[in-house]
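Peer 1: Enclosed is the structure file input04.cif (mmCIF, C-alpha atoms and all ligand atoms).
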```
data_my_file
#
loop_
_atom_site.label_atom_id
_atom_site.label_comp_id
_atom_site.auth_asym_id
_atom_site.auth_seq_id
_atom_site.Cartn_x
_atom_site.Cartn_y
_atom_site.Cartn_z
CA MET A 261 10.13 -12.64 15.61
CA LYS A 262 8.44 -11.27 12.50
CA LYS A 263 8.53 -7.49 12.21
CA SER A 264 5.12 -5.91 12.02
CA PHE A 265 3.87 -2.41 11.29
CA TYR A 266 1.02 -0.59 9.59
CA ILE A 267 0.37 0.40 6.01
CA GLY A 268 -2.17 3.14 6.55
CA LYS A 269 -4.66 1.46 8.86
CA VAL A 270 -3.79 -2.09 7.71
CA PRO A 271 -1.33 -4.15 9.78
CA ILE A 272 1.26 -6.34 8.11
CA GLY A 273 3.35 -9.05 9.72
CA ASP A 274 0.87 -9.57 12.57
CA GLY A 275 -0.31 -12.97 11.36
CA LYS A 276 -3.30 -11.92 9.29
CA ILE A 277 -2.71 -12.49 5.58
CA THR A 278 -3.87 -9.49 3.56
CA ILE A 279 -4.81 -9.52 -0.11
CA GLN A 280 -3.96 -6.93 -2.67
CA SER A 281 -4.19 -6.09 -6.32
CA MET A 282 -3.07 -3.36 -8.67
CA THR A 283 -5.06 -0.95 -10.82
CA ASN A 284 -4.58 -0.94 -14.58
CA THR A 285 -6.16 2.44 -15.31
CA PRO A 286 -4.03 5.56 -15.97
CA THR A 287 -3.27 6.67 -12.42
CA TYR A 288 -3.57 10.35 -13.33
CA ASP A 289 -7.20 9.72 -14.36
CA VAL A 290 -8.47 10.05 -10.81
CA ASN A 291 -12.11 9.19 -11.53
CA MET A 292 -11.29 6.07 -13.50
CA THR A 293 -8.67 4.91 -11.01
CA LEU A 294 -10.89 5.56 -8.00
CA ALA A 295 -13.71 3.62 -9.63
CA GLN A 296 -11.37 0.63 -9.98
CA ILE A 297 -9.97 1.02 -6.45
CA ASN A 298 -13.56 0.99 -5.12
CA LYS A 299 -14.39 -2.15 -7.09
CA LEU A 300 -11.29 -3.85 -5.71
CA ALA A 301 -12.13 -2.79 -2.15
CA ASP A 302 -15.73 -4.01 -2.58
CA ALA A 303 -14.37 -7.37 -3.78
CA GLY A 304 -12.27 -7.64 -0.60
CA ALA A 305 -8.89 -6.01 -1.32
CA ASP A 306 -7.09 -4.88 1.85
CA LEU A 307 -4.54 -2.83 -0.11
CA VAL A 308 -4.33 -1.52 -3.68
CA ARG A 309 -1.22 -0.64 -5.66
CA VAL A 310 -1.14 2.05 -8.32
CA SER A 311 1.61 2.69 -10.85
CA VAL A 312 3.37 6.03 -10.56
CA PRO A 313 5.07 6.26 -13.95
CA ASP A 314 4.97 10.05 -14.37
CA GLU A 315 4.63 13.32 -12.54
CA LYS A 316 0.90 13.78 -13.14
CA SER A 317 0.26 10.31 -11.68
CA ALA A 318 2.43 11.20 -8.67
CA PHE A 319 0.38 14.37 -8.03
CA ALA A 320 -2.90 12.42 -8.50
CA VAL A 321 -1.91 10.37 -5.44
CA LYS A 322 -3.19 13.13 -3.16
CA GLU A 323 -6.81 12.84 -4.27
CA LEU A 324 -6.63 9.08 -4.68
CA VAL A 325 -5.40 8.56 -1.10
CA ALA A 326 -7.98 11.02 0.26
CA LYS A 327 -10.86 9.18 -1.42
CA SER A 328 -9.68 5.56 -1.37
CA PRO A 329 -11.34 3.20 1.13
CA VAL A 330 -8.08 1.20 1.44
CA PRO A 331 -4.41 2.18 1.78
CA LEU A 332 -2.58 2.78 -1.49
CA ILE A 333 0.86 1.60 -2.54
CA GLY A 334 2.82 3.48 -5.19
CA ASP A 335 4.70 1.38 -7.73
CA ILE A 336 7.98 3.07 -8.62
CA HIS A 337 10.55 2.18 -11.24
CA PHE A 338 13.80 3.86 -12.31
CA GLY A 339 14.21 7.32 -10.76
CA GLU A 340 13.30 8.87 -7.43
CA LYS A 341 11.41 11.95 -8.68
CA ASN A 342 7.92 10.46 -8.89
CA ALA A 343 8.42 8.53 -5.66
CA ILE A 344 9.22 11.72 -3.78
CA ILE A 345 6.17 13.53 -5.16
CA ALA A 346 3.96 10.51 -4.30
CA ILE A 347 5.34 10.43 -0.75
CA GLU A 348 4.76 14.14 -0.28
CA ASN A 349 1.22 13.61 -1.54
CA GLY A 350 0.39 10.94 1.01
CA ILE A 351 1.14 7.53 -0.54
CA GLN A 352 0.96 4.93 2.24
CA LYS A 353 3.61 2.52 0.99
CA LEU A 354 6.06 2.37 -1.90
CA ARG A 355 7.18 -0.53 -3.97
CA ILE A 356 10.64 -0.16 -5.49
CA ASN A 357 12.47 -2.54 -7.77
CA PRO A 358 16.19 -2.57 -6.92
CA GLY A 359 16.87 -4.10 -10.34
CA ASN A 360 16.17 -0.82 -12.08
CA MET A 361 17.08 1.81 -9.51
CA SER A 362 20.43 3.44 -8.75
CA ASN A 363 21.89 3.61 -5.25
CA ASP A 364 21.49 7.38 -5.29
CA ALA A 365 17.80 7.09 -6.17
CA ILE A 366 17.24 4.51 -3.41
CA ARG A 367 19.05 6.78 -0.93
CA SER A 368 16.82 9.76 -1.80
CA ILE A 369 13.64 7.67 -1.59
CA VAL A 370 14.59 6.14 1.75
CA LYS A 371 15.37 9.57 3.21
CA LYS A 372 11.90 10.77 2.23
CA CYS A 373 10.23 7.56 3.48
CA ILE A 374 11.86 8.06 6.89
CA GLU A 375 10.60 11.64 6.99
CA TYR A 376 7.02 10.64 6.10
CA GLU A 377 7.11 7.18 7.77
CA VAL A 378 6.26 5.36 4.57
CA PRO A 379 6.98 1.60 4.46
CA ILE A 380 8.82 0.25 1.43
CA ARG A 381 8.43 -3.02 -0.40
CA VAL A 382 11.67 -4.21 -1.91
CA GLY A 383 10.25 -6.09 -4.88
CA VAL A 384 12.91 -8.01 -6.75
CA ASN A 385 11.81 -9.48 -10.08
CA LYS A 386 13.91 -12.12 -11.80
CA GLY A 387 13.34 -10.52 -15.22
CA SER A 388 14.72 -7.13 -14.23
CA SER A 389 17.55 -8.30 -12.02
CA ALA A 390 20.93 -9.92 -12.56
CA ALA A 391 19.92 -12.82 -10.29
CA LYS A 392 20.13 -16.19 -12.01
CA SER A 393 18.82 -18.52 -9.32
CA PRO A 394 16.38 -18.55 -6.39
CA GLU A 395 19.35 -18.15 -4.04
CA GLU A 396 20.59 -15.08 -5.91
CA LEU A 397 17.09 -13.57 -5.97
CA ALA A 398 16.78 -13.96 -2.20
CA LYS A 399 20.29 -12.62 -1.62
CA LEU A 400 19.74 -9.57 -3.82
CA CYS A 401 16.55 -8.78 -1.92
CA VAL A 402 18.14 -9.17 1.52
CA ASP A 403 21.20 -7.16 0.47
CA THR A 404 18.94 -4.31 -0.65
CA ALA A 405 17.02 -4.49 2.63
CA LYS A 406 20.34 -4.26 4.52
CA ARG A 407 21.34 -1.20 2.50
CA ILE A 408 18.03 0.44 3.40
CA GLU A 409 18.49 -0.52 7.06
CA ASP A 410 21.94 1.08 6.98
CA LEU A 411 20.26 4.25 5.75
CA GLY A 412 18.07 4.14 8.87
CA TRP A 413 14.75 2.61 7.75
CA ASN A 414 13.28 -0.76 8.66
CA LYS A 415 9.60 -0.71 7.75
CA LEU A 416 10.20 -3.06 4.87
CA VAL A 417 8.26 -5.74 3.04
CA LEU A 418 10.25 -8.11 0.83
CA ALA A 419 9.35 -9.93 -2.38
CA VAL A 420 11.25 -12.12 -4.85
CA LYS A 421 9.17 -12.96 -7.87
CA SER A 422 9.67 -14.85 -11.07
CA SER A 423 7.22 -16.10 -13.67
CA ASN A 424 8.25 -19.67 -12.88
CA THR A 425 6.31 -21.41 -10.13
CA VAL A 426 9.07 -23.66 -8.80
CA GLU A 427 11.71 -20.91 -8.91
CA THR A 428 9.40 -18.49 -7.08
CA VAL A 429 8.63 -21.00 -4.33
CA ARG A 430 12.33 -21.84 -3.88
CA ALA A 431 13.27 -18.15 -3.76
CA TYR A 432 10.69 -17.41 -1.04
CA GLU A 433 11.77 -20.48 0.93
CA LYS A 434 15.32 -19.12 0.93
CA LEU A 435 14.19 -15.61 1.70
CA SER A 436 11.97 -16.67 4.61
CA VAL A 437 14.93 -18.07 6.54
CA MET A 438 17.15 -15.08 5.80
CA THR A 439 14.86 -12.34 7.10
CA ASP A 440 12.18 -11.48 9.63
CA TYR A 441 10.57 -8.81 7.46
CA PRO A 442 7.01 -9.46 6.26
CA LEU A 443 6.86 -11.09 2.83
CA HIS A 444 4.69 -10.15 -0.12
CA ILE A 445 4.19 -13.36 -2.10
CA GLY A 446 3.10 -14.09 -5.64
CA LEU A 447 4.32 -14.82 -9.13
CA THR A 448 5.06 -12.10 -11.61
CA GLU A 449 3.99 -12.12 -15.24
CA SER A 450 2.13 -15.34 -14.60
CA GLY A 451 0.03 -14.83 -17.72
CA ALA A 452 -3.67 -14.93 -18.41
CA GLY A 453 -6.52 -17.37 -17.95
CA GLU A 454 -6.54 -20.66 -16.13
CA ASN A 455 -2.81 -21.38 -16.60
CA ALA A 456 -1.97 -18.21 -14.70
CA VAL A 457 -4.49 -19.04 -11.98
CA ILE A 458 -3.08 -22.55 -11.58
CA LYS A 459 0.52 -21.29 -11.44
CA SER A 460 -0.29 -18.58 -8.90
CA SER A 461 -2.44 -20.89 -6.79
CA ILE A 462 0.29 -23.51 -6.57
CA ALA A 463 3.01 -20.99 -5.75
CA ILE A 464 1.03 -18.94 -3.24
CA GLY A 465 -0.84 -21.92 -1.78
CA SER A 466 2.27 -24.01 -1.19
CA LEU A 467 4.07 -21.08 0.46
CA LEU A 468 1.11 -20.28 2.71
CA LEU A 469 0.86 -23.94 3.76
CA LYS A 470 4.49 -23.66 4.93
CA GLY A 471 3.65 -20.52 6.89
CA ILE A 472 5.45 -18.26 4.41
CA GLY A 473 3.82 -15.01 3.32
CA ASP A 474 2.07 -12.03 4.88
CA THR A 475 0.34 -10.39 1.94
CA ILE A 476 -0.56 -11.92 -1.40
CA ARG A 477 -1.12 -10.81 -4.93
CA VAL A 478 -2.44 -13.13 -7.62
CA SER A 479 -0.95 -11.46 -10.65
CA LEU A 480 -3.16 -11.90 -13.74
CA ALA A 481 -3.44 -10.12 -17.05
CA GLY A 482 -6.87 -8.46 -17.27
CA ASP A 483 -9.49 -7.33 -14.80
CA PRO A 484 -7.78 -6.92 -11.39
CA VAL A 485 -11.01 -7.73 -9.53
CA LYS A 486 -10.43 -11.35 -10.56
CA GLU A 487 -7.11 -11.22 -8.69
CA ILE A 488 -8.97 -10.49 -5.46
CA ILE A 489 -11.54 -13.22 -6.06
CA TYR A 490 -8.80 -15.79 -6.67
CA ALA A 491 -6.77 -14.53 -3.70
CA LYS A 492 -9.79 -15.10 -1.47
CA LYS A 493 -10.26 -18.57 -2.90
CA ILE A 494 -6.61 -19.45 -2.26
CA LEU A 495 -6.90 -18.32 1.39
CA ARG A 496 -9.99 -20.50 1.70
CA ALA A 497 -8.45 -23.52 -0.01
CA VAL A 498 -5.43 -23.51 2.34
CA GLY A 499 -7.63 -23.13 5.43
CA ILE A 500 -6.54 -19.62 6.39
CA ASP A 501 -9.99 -18.16 5.79
CA ASN A 502 -12.60 -20.53 7.18
CA GLU A 503 -15.50 -18.10 7.33
CA PHE A 504 -17.07 -18.65 3.93
CA VAL A 505 -19.71 -20.65 2.10
CA GLU A 506 -18.21 -23.85 0.77
CA ILE A 507 -20.08 -25.37 -2.14
CA ILE A 508 -19.50 -29.06 -2.60
CA ALA A 509 -20.89 -30.85 -5.61
CA CYS A 510 -21.00 -34.44 -6.72
CA PRO A 511 -18.75 -35.32 -9.65
CA THR A 512 -21.85 -36.28 -11.73
CA CYS A 513 -22.36 -39.66 -13.35
CA ALA A 514 -24.84 -41.58 -15.48
CA ARG A 515 -27.52 -41.06 -12.81
CA THR A 516 -27.26 -37.27 -13.01
CA CYS A 517 -30.50 -35.63 -14.08
CA PHE A 518 -29.90 -32.13 -12.75
CA PRO A 519 -27.63 -29.19 -13.79
CA VAL A 520 -25.07 -29.74 -11.02
CA GLU A 521 -22.22 -27.67 -12.45
CA GLU A 522 -24.36 -24.62 -13.27
CA THR A 523 -26.15 -24.73 -9.92
CA ALA A 524 -22.88 -25.00 -7.97
CA ALA A 525 -21.28 -22.17 -9.98
CA TYR A 526 -24.31 -19.94 -9.45
CA LEU A 527 -24.34 -20.60 -5.70
CA GLU A 528 -20.61 -19.95 -5.49
CA LYS A 529 -21.04 -16.59 -7.20
CA MET A 530 -24.02 -15.61 -5.06
CA THR A 531 -22.31 -16.48 -1.78
CA LEU A 532 -18.76 -15.25 -2.46
CA ASN A 533 -19.05 -12.43 0.06
CA VAL A 534 -20.92 -14.30 2.82
CA HIS A 535 -18.41 -14.55 5.68
CA LYS A 536 -19.86 -17.46 7.61
CA ARG A 537 -18.87 -21.12 7.72
CA ILE A 538 -21.64 -22.86 5.76
CA LYS A 539 -21.36 -25.98 3.63
CA ILE A 540 -23.87 -26.52 0.82
CA ALA A 541 -24.10 -29.71 -1.25
CA VAL A 542 -25.30 -29.81 -4.82
CA MET A 543 -25.95 -33.44 -5.72
CA GLY A 544 -27.04 -34.76 -9.08
CA CYS A 545 -29.62 -37.42 -8.20
CA ILE A 546 -32.29 -38.24 -5.67
CA VAL A 547 -31.12 -41.82 -5.07
CA ASN A 548 -27.69 -41.11 -3.59
CA GLY A 549 -27.66 -37.34 -3.18
CA ILE A 550 -28.79 -37.01 0.45
CA GLY A 551 -26.48 -39.76 1.71
CA GLU A 552 -23.43 -38.50 -0.15
CA GLY A 553 -24.12 -34.91 0.86
CA LYS A 554 -24.88 -35.53 4.53
CA ASP A 555 -21.78 -33.68 5.75
CA ALA A 556 -23.20 -30.43 4.39
CA ASP A 557 -25.35 -28.06 6.43
CA PHE A 558 -27.93 -28.30 3.70
CA GLY A 559 -28.19 -29.14 0.06
CA ILE A 560 -30.15 -30.26 -2.89
CA ALA A 561 -30.53 -33.75 -4.31
CA GLY A 562 -31.51 -32.89 -7.85
CA GLY A 563 -34.23 -34.61 -9.83
CA ALA A 564 -35.42 -34.08 -13.39
CA ASP A 565 -38.40 -31.87 -12.44
CA LYS A 566 -38.46 -31.84 -8.65
CA SER A 567 -35.58 -31.96 -6.20
CA ILE A 568 -35.14 -32.80 -2.56
CA LEU A 569 -33.98 -30.13 -0.18
CA PHE A 570 -32.14 -31.57 2.82
CA GLU A 571 -30.61 -30.22 6.03
CA LYS A 572 -27.98 -32.13 8.02
CA GLY A 573 -28.74 -35.25 6.01
CA GLN A 574 -32.51 -35.12 6.56
CA GLN A 575 -35.04 -34.49 3.82
CA VAL A 576 -37.01 -31.31 4.58
CA ALA A 577 -38.96 -30.67 1.38
CA THR A 578 -39.54 -31.67 -2.20
CA ILE A 579 -39.66 -28.66 -4.44
CA PRO A 580 -40.12 -27.92 -8.14
CA ASN A 581 -36.77 -27.17 -9.80
CA SER A 582 -37.95 -23.67 -10.69
CA GLU A 583 -38.04 -22.82 -6.94
CA ILE A 584 -34.66 -24.27 -5.95
CA MET A 585 -32.54 -21.14 -6.05
CA PRO A 586 -34.80 -18.92 -3.92
CA GLN A 587 -35.18 -21.75 -1.39
CA LEU A 588 -31.42 -22.33 -1.18
CA MET A 589 -30.73 -18.61 -0.85
CA ASN A 590 -33.32 -18.45 1.99
CA LEU A 591 -31.35 -21.15 3.77
CA VAL A 592 -28.07 -19.27 3.20
CA GLU A 593 -29.74 -16.25 4.78
CA LYS A 594 -30.97 -18.32 7.74
CA TYR A 595 -27.59 -19.98 8.37
CA SER A 596 -25.63 -16.78 7.94
CA HIS A 597 -27.55 -15.22 10.83
CA ASP A 598 -27.38 -18.27 13.12
CA GLU A 599 -25.04 -17.89 16.06
S1 LIG B 1 -24.85 -38.04 -6.23
FE1 LIG B 1 -25.95 -39.27 -7.74
S2 LIG B 1 -25.53 -38.22 -9.66
FE2 LIG B 1 -24.02 -37.46 -8.22
S3 LIG B 1 -22.27 -38.81 -8.54
FE3 LIG B 1 -23.44 -39.66 -6.84
S4 LIG B 1 -24.78 -41.18 -7.83
FE4 LIG B 1 -24.01 -39.83 -9.47
#
```
What is this structure when it is put down as C-alpha cells?
Peer 2:
Amino acid sequence: MKKSFYIGKVPIGDGKITIQSMTNTPTYDVNMTLAQINKLADAGADLVRVSVPDEKSAFAVKELVAKSPVPLIGDIHFGEKNAIIAIENGIQKLRINPGNMSNDAIRSIVKKCIEYEVPIRVGVNKGSSAAKSPEELAKLCVDTAKRIEDLGWNKLVLAVKSSNTVETVRAYEKLSVMTDYPLHIGLTESGAGENAVIKSSIAIGSLLLKGIGDTIRVSLAGDPVKEIIYAKKILRAVGIDNEFVEIIACPTCARTCFPVEETAAYLEKMTLNVHKRIKIAVMGCIVNGIGEGKDADFGIAGGADKSILFEKGQQVATIPNSEIMPQLMNLVEKYSHDE
C-alpha cells in the first residue's frame, strides 16, 4: 500500500498525480520569486520548489510561504544550516540530495523535520552520486530512505534522476518495486527546447502508463511556466487528465486551403485552462473535413474564404474566415457550461 501524506494542503501518494516546477529567480528576492510562484500557480502548478542556497534565501522562506498560493519545497544541497533555517521559517517540504550531504547533516535535518513535521524528498541524481547503473541509483535512494526511517521519520518522497531517458525509466522501475513511498518522477538536466521536451515526455509518460509516479516535474532550461504547460500535456496524453479541450487537426494535403496549423495552435493556446472534455476538429478542406472530423464535438472545415462550422458531424453554418475564431470560442464557451 502506497504511503500517503500532505505537503501543506496538497496530498501526495493518494492517487492524484500532482505537477510541480522550480523557480529560477534569486530566492531572497521575495517580490521576484513570488511573482514567478504566482505565474506557476496560475499555470496549474500544485507545488513549487525554491532553491535555498544561502542564509538570506532561507530566511526569505517565511514571507514566501506566507504569500504563496501553493505549498513550497526547499531545495537543499551540501550542509544542514540553510535547511534548518528554512524549516524554522515554515518550508512545507525539503528536497535533499544524499550525493552531496554528510550523514551528520542528514541526521540534523531529519531531527528538525520530525519536530516541524516536514516531509523530505530524497532526490538522488546520477551526476552527483557514485551510482553507476539504474540498479545502483535505486539502491542508493532506498538505502538513504532506510537511514532516515531509522532516525524516526517516514514522510518521504523518493526520486532517482539521470539525464538519460532509458536509464531514468529503468531506475524508477527498479525503485517502484523496492519501496511504497510516493515517487517524484522526471529527468534531470534534460536540456532545452524540443529535445528536452521529447526526452521528458517519453520518460515521464512511459512511467505514468505503468502506474509509476505520484508527482512530476518536466525539467527544462528556461521559463519554468513551460514546465507546467508540458506537465499538463503529458498528463492529458497518457489519459490521466481527461478534462480538457482536445484539438484534433487534419494532417493537411494538396486539398488544404486553410491555415490548419495556425488555427489549431491558436485554439490550443486559448483553451489550455478549460477543464472540460471537449474535442474540436480543425480540418483543411470543405470536401472531406466534416466527414473526417465527425468524432469531434464541433469543428471547422476550412475553405479559402468561407468555412463550414459543424457540430457532431452536422453542418451548422457557413461563415467568413474572419469570423471563425469568435464563433469557435463561443462554442467552447457553450460546451464548457453544458452538464
Ligand atoms: S481534411 Fe481535407 S485537407 Fe485535411 S487531410 Fe483530409 S482531404 Fe486533406
Peer 1: List all protein, DNA and RNA residues that have an atom no more than 6 Å from any atom of ligand LIG 1 (chain B), counting only C-alpha atoms and all ligand atoms, and report them as number ranges by chain.
Peer 2: A: 510-513, 515-516, 543-545, 548-549
Peer 1: Which region 497-544 of chain A residues have any atom within 12 Å of an atom of region 577-598 of chain A, and for each, what is the nearest pair of atoms with distance in Å to one decimal, counting only C-alpha atoms, rows sorted by chain and number, as a Markdown table?
Peer 2:
```
| residue | atom | partner | partner_atom | distance |
| --- | --- | --- | --- | --- |
| A:Glu503 | CA | A:Ser596 | CA | 10.2 |
| A:Phe504 | CA | A:Ser596 | CA | 9.6 |
| A:Val505 | CA | A:Val592 | CA | 8.5 |
| A:Glu506 | CA | A:Val592 | CA | 11.1 |
| A:Ile507 | CA | A:Val592 | CA | 11.4 |
| A:Cys517 | CA | A:Asn581 | CA | 11.4 |
| A:Phe518 | CA | A:Asn581 | CA | 9.0 |
| A:Pro519 | CA | A:Asn581 | CA | 10.2 |
| A:Glu522 | CA | A:Met585 | CA | 11.5 |
| A:Thr523 | CA | A:Met585 | CA | 8.3 |
| A:Ala524 | CA | A:Met585 | CA | 10.6 |
| A:Ala525 | CA | A:Met585 | CA | 12.0 |
| A:Tyr526 | CA | A:Met585 | CA | 9.0 |
| A:Leu527 | CA | A:Met585 | CA | 8.2 |
| A:Glu528 | CA | A:Met589 | CA | 11.2 |
| A:Lys529 | CA | A:Met589 | CA | 11.8 |
| A:Met530 | CA | A:Met589 | CA | 8.5 |
| A:Thr531 | CA | A:Val592 | CA | 8.1 |
| A:Leu532 | CA | A:Val592 | CA | 11.6 |
| A:Asn533 | CA | A:Ser596 | CA | 11.1 |
| A:Val534 | CA | A:Ser596 | CA | 7.4 |
| A:His535 | CA | A:Ser596 | CA | 7.9 |
| A:Lys536 | CA | A:Ser596 | CA | 5.8 |
| A:Arg537 | CA | A:Ser596 | CA | 8.0 |
| A:Ile538 | CA | A:Tyr595 | CA | 7.1 |
| A:Lys539 | CA | A:Val592 | CA | 9.5 |
| A:Ile540 | CA | A:Val592 | CA | 8.7 |
| A:Ala541 | CA | A:Leu588 | CA | 10.4 |
| A:Val542 | CA | A:Leu588 | CA | 10.3 |
```
Peer 1: Those same residues - C-alpha atoms - I'd like them written as a compact mmCIF listing (two decimals), in the frame of the given file.
Peer 2:
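Once written, selection_34.txt looks like this:
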```txt
# COMPACT_ATOMS: atom_id res chain seq x y z
CA GLU A 503 -15.50 -18.10 7.33
CA PHE A 504 -17.07 -18.65 3.93
CA VAL A 505 -19.71 -20.65 2.10
CA GLU A 506 -18.21 -23.85 0.77
CA ILE A 507 -20.08 -25.37 -2.14
CA CYS A 517 -30.50 -35.63 -14.08
CA PHE A 518 -29.90 -32.13 -12.75
CA PRO A 519 -27.63 -29.19 -13.79
CA GLU A 522 -24.36 -24.62 -13.27
CA THR A 523 -26.15 -24.73 -9.92
CA ALA A 524 -22.88 -25.00 -7.97
CA ALA A 525 -21.28 -22.17 -9.98
CA TYR A 526 -24.31 -19.94 -9.45
CA LEU A 527 -24.34 -20.60 -5.70
CA GLU A 528 -20.61 -19.95 -5.49
CA LYS A 529 -21.04 -16.59 -7.20
CA MET A 530 -24.02 -15.61 -5.06
CA THR A 531 -22.31 -16.48 -1.78
CA LEU A 532 -18.76 -15.25 -2.46
CA ASN A 533 -19.05 -12.43 0.06
CA VAL A 534 -20.92 -14.30 2.82
CA HIS A 535 -18.41 -14.55 5.68
CA LYS A 536 -19.86 -17.46 7.61
CA ARG A 537 -18.87 -21.12 7.72
CA ILE A 538 -21.64 -22.86 5.76
CA LYS A 539 -21.36 -25.98 3.63
CA ILE A 540 -23.87 -26.52 0.82
CA ALA A 541 -24.10 -29.71 -1.25
CA VAL A 542 -25.30 -29.81 -4.82
```
Peer 1: With 9 Å as the cut-off and only C-alpha atoms counted, what is the closest atom pair between each nearby residue of region 340-400 of chain A and region 297-310 of chain A? Distances in Å to one decimal, ordered by chain and number, as JSON lines.
Peer 2:
```
{"residue": "A:Lys353", "atom": "CA", "partner": "A:Arg309", "partner_atom": "CA", "distance": 8.8}
{"residue": "A:Leu354", "atom": "CA", "partner": "A:Arg309", "partner_atom": "CA", "distance": 8.7}
{"residue": "A:Arg355", "atom": "CA", "partner": "A:Arg309", "partner_atom": "CA", "distance": 8.6}
```
Peer 1: Any idea what's packed within 6 Å of region 442-449 of chain A, counting only C-alpha atoms, ignoring anything in its chain fewer than 4 positions away? Could you give it as JSON, numbers by chain?
Peer 2: {"A": [273, 417, 418, 419, 421, 422, 423, 460, 464, 473, 474, 475, 476, 477, 478]}
Peer 1: Show me, as AutoDock Vina command-line options, the centre and edge lengths in Å to one decimal of the axis-aligned box that covers every listed atom of region 460-476 of chain A with 3 Å on each side.
Peer 2:
```
--center_x 1.5 --center_y -17.2 --center_z -1.0 --size_x 13.9 --size_y 19.6 --size_z 21.8
```
Peer 1: Quick one, how far is CA of Tyr266 (chain A) from CA of Pro358 (chain A)?
Peer 2: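 CA of Pro358 (chain A) lies 22.5 Å from CA of Tyr266 (chain A).
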Peer 1: Please list as a list in words every residue within 12 Å of Lys399 (chain A), counting all atoms listed in the file and excluding residues in the same chain fewer than 3 positions away.
Peer 2: Val384, Ser389, Ala390, Ala391, Lys392, Ser393, Pro394, Glu395, Glu396, Val402, Asp403, Thr404, Ala405, Lys406, Leu418, Ala419, Val420, Ala431, Tyr432, Glu433, Lys434, Leu435, Ser436, Val437, Met438 and Thr439 of chain A
Peer 1: At a cut-off of 12 Å, using only C-alpha atoms, what residues contact Val576 (chain A)? Leave out same-chain residues fewer than 4 positions from it and give the result as a PyMOL selection string.
Peer 2: chain A and resi 550+558-561+567-572+587+591
Peer 1: Measuring between all atoms listed in the file, which one of A:Pro271, A:Gly453, A:Pro484, A:Pro286 shows the shortest distance to Pro379 (chain A)?
Peer 2: A:Pro271
Peer 1: Hey, which of A:Asp557, A:Asp289, A:Glu427, A:Asp565 ends up closest to Asn385 (chain A)? Count all atoms listed in the file.
Peer 2: A:Glu427
Peer 1: Is it possible to add N, CA and C atoms to region 342-358 of chain A and hand it back as a PDB file, in the frame of the given file?
Peer 2:
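So out_9.pdb came out as:
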```
ATOM      1  N   ASN A 342       9.347  10.722  -9.079  1.00  0.00           N
ATOM      2  CA  ASN A 342       7.920  10.460  -8.890  1.00  0.00           C
ATOM      3  C   ASN A 342       7.638   9.871  -7.506  1.00  0.00           C
ATOM      4  N   ALA A 343       8.582   9.104  -7.001  1.00  0.00           N
ATOM      5  CA  ALA A 343       8.420   8.530  -5.660  1.00  0.00           C
ATOM      6  C   ALA A 343       8.315   9.646  -4.629  1.00  0.00           C
ATOM      7  N   ILE A 344       9.185  10.628  -4.767  1.00  0.00           N
ATOM      8  CA  ILE A 344       9.220  11.720  -3.780  1.00  0.00           C
ATOM      9  C   ILE A 344       7.931  12.538  -3.833  1.00  0.00           C
ATOM     10  N   ILE A 345       7.443  12.798  -5.042  1.00  0.00           N
ATOM     11  CA  ILE A 345       6.170  13.530  -5.160  1.00  0.00           C
ATOM     12  C   ILE A 345       5.037  12.688  -4.540  1.00  0.00           C
ATOM     13  N   ALA A 346       5.023  11.386  -4.840  1.00  0.00           N
ATOM     14  CA  ALA A 346       3.960  10.510  -4.300  1.00  0.00           C
ATOM     15  C   ALA A 346       4.009  10.485  -2.774  1.00  0.00           C
ATOM     16  N   ILE A 347       5.213  10.446  -2.214  1.00  0.00           N
ATOM     17  CA  ILE A 347       5.340  10.430  -0.750  1.00  0.00           C
ATOM     18  C   ILE A 347       4.804  11.744  -0.177  1.00  0.00           C
ATOM     19  N   GLU A 348       5.216  12.826  -0.784  1.00  0.00           N
ATOM     20  CA  GLU A 348       4.760  14.140  -0.280  1.00  0.00           C
ATOM     21  C   GLU A 348       3.253  14.309  -0.431  1.00  0.00           C
ATOM     22  N   ASN A 349       2.662  13.526  -1.327  1.00  0.00           N
ATOM     23  CA  ASN A 349       1.220  13.610  -1.540  1.00  0.00           C
ATOM     24  C   ASN A 349       0.444  12.507  -0.809  1.00  0.00           C
ATOM     25  N   GLY A 350       1.120  11.805   0.074  1.00  0.00           N
ATOM     26  CA  GLY A 350       0.390  10.940   1.010  1.00  0.00           C
ATOM     27  C   GLY A 350       0.369   9.456   0.710  1.00  0.00           C
ATOM     28  N   ILE A 351       1.166   8.970  -0.259  1.00  0.00           N
ATOM     29  CA  ILE A 351       1.140   7.530  -0.540  1.00  0.00           C
ATOM     30  C   ILE A 351       1.476   6.760   0.736  1.00  0.00           C
ATOM     31  N   GLN A 352       0.817   5.602   0.934  1.00  0.00           N
ATOM     32  CA  GLN A 352       0.960   4.930   2.240  1.00  0.00           C
ATOM     33  C   GLN A 352       2.020   3.829   2.252  1.00  0.00           C
ATOM     34  N   LYS A 353       2.503   3.470   1.083  1.00  0.00           N
ATOM     35  CA  LYS A 353       3.610   2.520   0.990  1.00  0.00           C
ATOM     36  C   LYS A 353       4.172   2.646  -0.418  1.00  0.00           C
ATOM     37  N   LEU A 354       5.459   2.345  -0.566  1.00  0.00           N
ATOM     38  CA  LEU A 354       6.060   2.370  -1.900  1.00  0.00           C
ATOM     39  C   LEU A 354       6.573   0.992  -2.242  1.00  0.00           C
ATOM     40  N   ARG A 355       6.506   0.669  -3.510  1.00  0.00           N
ATOM     41  CA  ARG A 355       7.180  -0.530  -3.970  1.00  0.00           C
ATOM     42  C   ARG A 355       8.313  -0.069  -4.900  1.00  0.00           C
ATOM     43  N   ILE A 356       9.527  -0.474  -4.580  1.00  0.00           N
ATOM     44  CA  ILE A 356      10.640  -0.160  -5.490  1.00  0.00           C
ATOM     45  C   ILE A 356      11.248  -1.459  -5.995  1.00  0.00           C
ATOM     46  N   ASN A 357      11.819  -1.384  -7.165  1.00  0.00           N
ATOM     47  CA  ASN A 357      12.470  -2.540  -7.770  1.00  0.00           C
ATOM     48  C   ASN A 357      13.972  -2.253  -7.828  1.00  0.00           C
ATOM     49  N   PRO A 358      14.754  -2.892  -6.954  1.00  0.00           N
ATOM     50  CA  PRO A 358      16.190  -2.570  -6.920  1.00  0.00           C
ATOM     51  C   PRO A 358      16.899  -2.903  -8.225  1.00  0.00           C
TER      52      PRO A 358
END
```
